[in-house]
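> protein.txt is reproduced below (compact mmCIF, C-alpha atoms).
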# COMPACT_ATOMS: atom_id res chain seq x y z
CA MET A 846 -10.64 -23.07 43.29
CA SER A 847 -11.98 -19.67 42.31
CA ARG A 848 -13.35 -17.22 44.85
CA PRO A 849 -16.94 -16.02 44.30
CA ALA A 850 -17.34 -12.42 43.14
CA ALA A 851 -18.99 -11.43 46.44
CA ILE A 852 -19.23 -13.09 49.82
CA PRO A 853 -22.81 -12.94 51.14
CA ALA A 854 -22.73 -10.99 54.42
CA LEU A 855 -25.36 -11.31 57.14
CA ASP A 856 -26.12 -8.81 59.86
CA PRO A 857 -25.66 -10.54 63.26
CA LEU A 858 -29.21 -9.67 64.33
CA TYR A 859 -30.58 -11.28 61.16
CA ALA A 860 -28.28 -14.28 61.73
CA ASP A 861 -29.58 -14.69 65.28
CA LEU A 862 -33.18 -14.65 64.06
CA ARG A 863 -32.45 -17.17 61.28
CA HIS A 864 -30.59 -19.41 63.71
CA HIS A 865 -33.75 -19.67 65.84
CA ASP A 866 -36.30 -19.92 62.98
CA PRO A 867 -38.48 -22.95 63.86
CA ASP A 868 -39.63 -23.41 60.24
CA ARG A 869 -36.18 -23.54 58.66
CA PRO A 870 -33.45 -23.10 61.23
CA ALA A 871 -30.12 -22.07 59.84
CA VAL A 872 -26.96 -23.79 60.99
CA LEU A 873 -24.47 -21.40 62.55
CA VAL A 874 -20.96 -22.76 62.00
CA ASP A 875 -18.30 -21.29 64.30
CA VAL A 876 -14.86 -21.72 62.70
CA ARG A 877 -12.80 -20.33 65.59
CA GLU A 878 -10.38 -22.52 67.52
CA ARG A 879 -11.39 -24.19 70.78
CA ASP A 880 -9.69 -21.66 73.06
CA GLU A 881 -11.63 -18.87 71.34
CA VAL A 882 -15.05 -20.51 71.70
CA VAL A 883 -14.49 -21.05 75.43
CA ALA A 884 -14.46 -17.26 75.84
CA ALA A 885 -17.82 -16.78 74.07
CA ARG A 886 -19.94 -18.69 71.57
CA VAL A 887 -23.48 -18.80 70.26
CA GLU A 888 -25.63 -21.49 71.85
CA GLY A 889 -26.39 -24.28 69.39
CA SER A 890 -23.54 -23.50 67.00
CA LEU A 891 -21.79 -26.21 65.06
CA LEU A 892 -18.18 -25.86 66.25
CA ILE A 893 -15.73 -26.73 63.48
CA PRO A 894 -12.38 -24.93 63.76
CA MET A 895 -11.13 -23.71 60.39
CA SER A 896 -8.06 -25.92 60.89
CA GLN A 897 -10.37 -29.00 60.90
CA LEU A 898 -12.81 -27.95 58.19
CA GLY A 899 -11.40 -30.18 55.45
CA ALA A 900 -11.71 -33.30 57.59
CA ARG A 901 -15.16 -32.36 58.92
CA LEU A 902 -16.74 -30.84 55.82
CA HIS A 903 -19.30 -33.67 55.73
CA GLU A 904 -20.78 -32.30 58.98
CA VAL A 905 -21.91 -29.07 57.30
CA PRO A 906 -25.41 -29.67 55.93
CA LYS A 907 -26.31 -28.69 52.38
CA ASP A 908 -30.08 -28.88 52.96
CA ARG A 909 -30.30 -25.95 55.40
CA PRO A 910 -29.09 -22.36 55.33
CA VAL A 911 -25.53 -22.13 56.67
CA MET A 912 -24.12 -19.06 58.40
CA VAL A 913 -20.44 -18.93 59.26
CA ILE A 914 -18.97 -16.94 62.15
CA CYS A 915 -15.47 -16.32 63.49
CA ALA A 916 -13.98 -13.57 65.66
CA THR A 917 -14.23 -10.62 63.24
CA GLY A 918 -15.56 -12.00 59.96
CA ASN A 919 -12.29 -12.58 58.10
CA ARG A 920 -11.82 -16.33 58.54
CA SER A 921 -15.53 -16.93 58.12
CA ALA A 922 -15.50 -15.03 54.80
CA ASN A 923 -12.80 -17.41 53.58
CA VAL A 924 -14.84 -20.41 54.73
CA VAL A 925 -17.98 -19.09 53.01
CA SER A 926 -15.98 -18.68 49.80
CA TYR A 927 -14.71 -22.25 50.13
CA LEU A 928 -18.19 -23.66 50.81
CA LEU A 929 -19.70 -21.81 47.85
CA ALA A 930 -16.94 -23.10 45.58
CA SER A 931 -17.51 -26.62 46.96
CA GLY A 932 -21.21 -26.80 46.14
CA TRP A 933 -23.03 -25.20 49.06
CA ALA A 934 -25.66 -22.72 47.87
CA ASP A 935 -27.33 -21.04 50.86
CA VAL A 936 -24.27 -19.77 52.79
CA GLY A 937 -23.47 -16.42 54.37
CA ASN A 938 -20.83 -14.75 56.50
CA VAL A 939 -21.87 -13.19 59.83
CA ALA A 940 -20.51 -9.68 59.41
CA GLY A 941 -18.16 -8.57 62.16
CA GLY A 942 -18.05 -12.03 63.75
CA ILE A 943 -18.62 -12.81 67.41
CA GLU A 944 -17.17 -9.41 68.38
CA THR A 945 -20.03 -7.57 66.64
CA TRP A 946 -22.51 -10.20 67.86
CA MET A 947 -21.59 -9.42 71.47
CA ARG A 948 -21.48 -5.63 70.91
CA MET A 949 -25.07 -5.89 69.67
CA GLY A 950 -26.03 -7.56 72.96
CA LEU A 951 -26.95 -10.88 71.36
CA PRO A 952 -26.76 -13.92 73.67
CA VAL A 953 -23.56 -15.91 74.11
CA ARG A 954 -22.48 -18.86 76.18
CA ARG A 955 -19.17 -18.79 78.06
CA GLY A 956 -16.95 -21.39 79.67
CA PRO A 957 -15.81 -24.88 78.79
CA VAL A 958 -17.51 -26.64 75.90
CA GLU A 959 -19.69 -29.40 77.32
CA PRO A 960 -19.52 -32.98 75.95
CA GLY A 961 -21.65 -33.17 72.80
CA GLU A 962 -21.91 -29.39 72.52
CA GLY A 963 -20.98 -28.03 69.11
CA LEU A 964 -22.30 -31.00 67.13
CA LEU A 965 -25.48 -31.17 65.07
CA PRO A 966 -28.10 -33.44 66.61
CA GLY A 967 -28.75 -36.85 65.15
Any chance you could put this one into structure tokens?

Amino acid sequence: MSRPAAIPALDPLYADLRHHDPDRPAVLVDVRERDEVVAARVEGSLLIPMSQLGARLHEVPKDRPVMVICATGNRSANVVSYLLASGWADVGNVAGGIETWMRMGLPVRRGPVEPGEGLLPG
């Protein structure tokens, strides 16, 4: 599988606004492991650890914009590359990951992941 020439990067503030767009909400996919998301995560994110992505790829919608986030932006860049090579078109990497998200003062949720949290509705 070839890597795209450039990985689309999204500013966290832009990603937050797109995530909450009522007309065409983007799906924010958090690819960090469970112990990492307990520390801090974005409300409403689809939680698919990178280690489970292959088995859960069908959960990532192709009909909505997809933004991928991890801790610092490295793993998510790899996932964006993989999704683009696998047929997703509207995909971007949240630059700087959750660390930059929090430094910018954007909202996060902390604590145990509740039952049903981290899945797309319906």
> Determine, counting only C-alpha atoms, which protein, DNA and RNA residues have an atom within 9 Å of an atom of Val958 in chain A; residues of the same chain fewer than 6 positions away are not included. Present the result as JSON, numbers by chain.
{"A": [879, 882, 883]}
> When distances are computed from all atoms listed in the file, which of A:Pro957, A:Gly937, A:Pro906, A:Gly963 shows the smallest separation from Ala885 in chain A?
A:Pro957
> For a quick check of understanding, using all atoms listed in the file, which of A:Gly899, A:Arg877, A:Arg920, A:Leu951 has the smallest distance to Ala860 in chain A?
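Under the stated criterion, the closest residue is A:Leu951.
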> Using all atoms listed in the file, which protein or nucleic acid residues come within 12 Å of Gly889 in chain A? Drop anything in the same chain fewer than 5 positions from it, and give the result as a PyMOL selection string.
chain A and resi 861+864-865+870-875+952-954+958-959+961-966
> Let's have the selection written as a CSV table (one decimal), in the coordinates of the input, with C-alpha atoms.

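Ended up saving to selection_3.csv:
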chain,number,residue,atom,x,y,z
A,861,ASP,CA,-29.6,-14.7,65.3
A,864,HIS,CA,-30.6,-19.4,63.7
A,865,HIS,CA,-33.8,-19.7,65.8
A,870,PRO,CA,-33.4,-23.1,61.2
A,871,ALA,CA,-30.1,-22.1,59.8
A,872,VAL,CA,-27.0,-23.8,61.0
A,873,LEU,CA,-24.5,-21.4,62.6
A,874,VAL,CA,-21.0,-22.8,62.0
A,875,ASP,CA,-18.3,-21.3,64.3
A,952,PRO,CA,-26.8,-13.9,73.7
A,953,VAL,CA,-23.6,-15.9,74.1
A,954,ARG,CA,-22.5,-18.9,76.2
A,958,VAL,CA,-17.5,-26.6,75.9
A,959,GLU,CA,-19.7,-29.4,77.3
A,961,GLY,CA,-21.6,-33.2,72.8
A,962,GLU,CA,-21.9,-29.4,72.5
A,963,GLY,CA,-21.0,-28.0,69.1
A,964,LEU,CA,-22.3,-31.0,67.1
A,965,LEU,CA,-25.5,-31.2,65.1
A,966,PRO,CA,-28.1,-33.4,66.6
> Nearest to Val913 in chain A: which of A:Leu898, A:Val925, A:Met949, A:Leu858 is it, counting only C-alpha atoms?
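Of all the options, A:Val925 lies closest to Val913 in chain A.
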> Neighbouring residues of Met912 in chain A were defined as those with any atom within 12 Å, considering all atoms listed in the file; residues of the same chain fewer than 6 positions away were excluded. Please report them as a VMD selection string.
chain A and resid 852 to 857 859 to 864 870 to 876 887 890 to 892 905 to 906 918 921 to 922 924 to 926 928 to 929 933 to 940 942
> Could you jot down the CA of Glu881 in chain A to CA of Asp908 in chain A separation for me, Å, one decimal place?
27.9 Å
> How many Å separate CA of Asp866 in chain A from CA of Gly932 in chain A?
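Interatomic distance here is 23.6 Å.
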> CA of Asn923 in chain A to CA of Asp880 in chain A: how many Å, to one decimal?
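Between CA of Asn923 in chain A and CA of Asp880 in chain A the gap works out to 20.2 Å.
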> For Ser896 in chain A, which residue out of A:Arg909, A:Gly941, A:Met947, A:Glu878 is the nearest one, using all atoms listed in the file?
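Smallest separation from Ser896 in chain A among the options: A:Glu878.
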> Can you work out which one of A:Cys915, A:Asp868, A:Arg901, A:Pro910 has the shortest atom-to-atom distance to Trp946 in chain A, counting only C-alpha atoms?
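For Trp946 in chain A, the nearest of the given residues is A:Cys915.
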> Point out the residue among A:Val911, A:Ile943, A:Ile893, A:Ala930 with the least atom-to-atom distance to Arg869 in chain A, counting all atoms listed in the file.
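Closest candidate: A:Val911.
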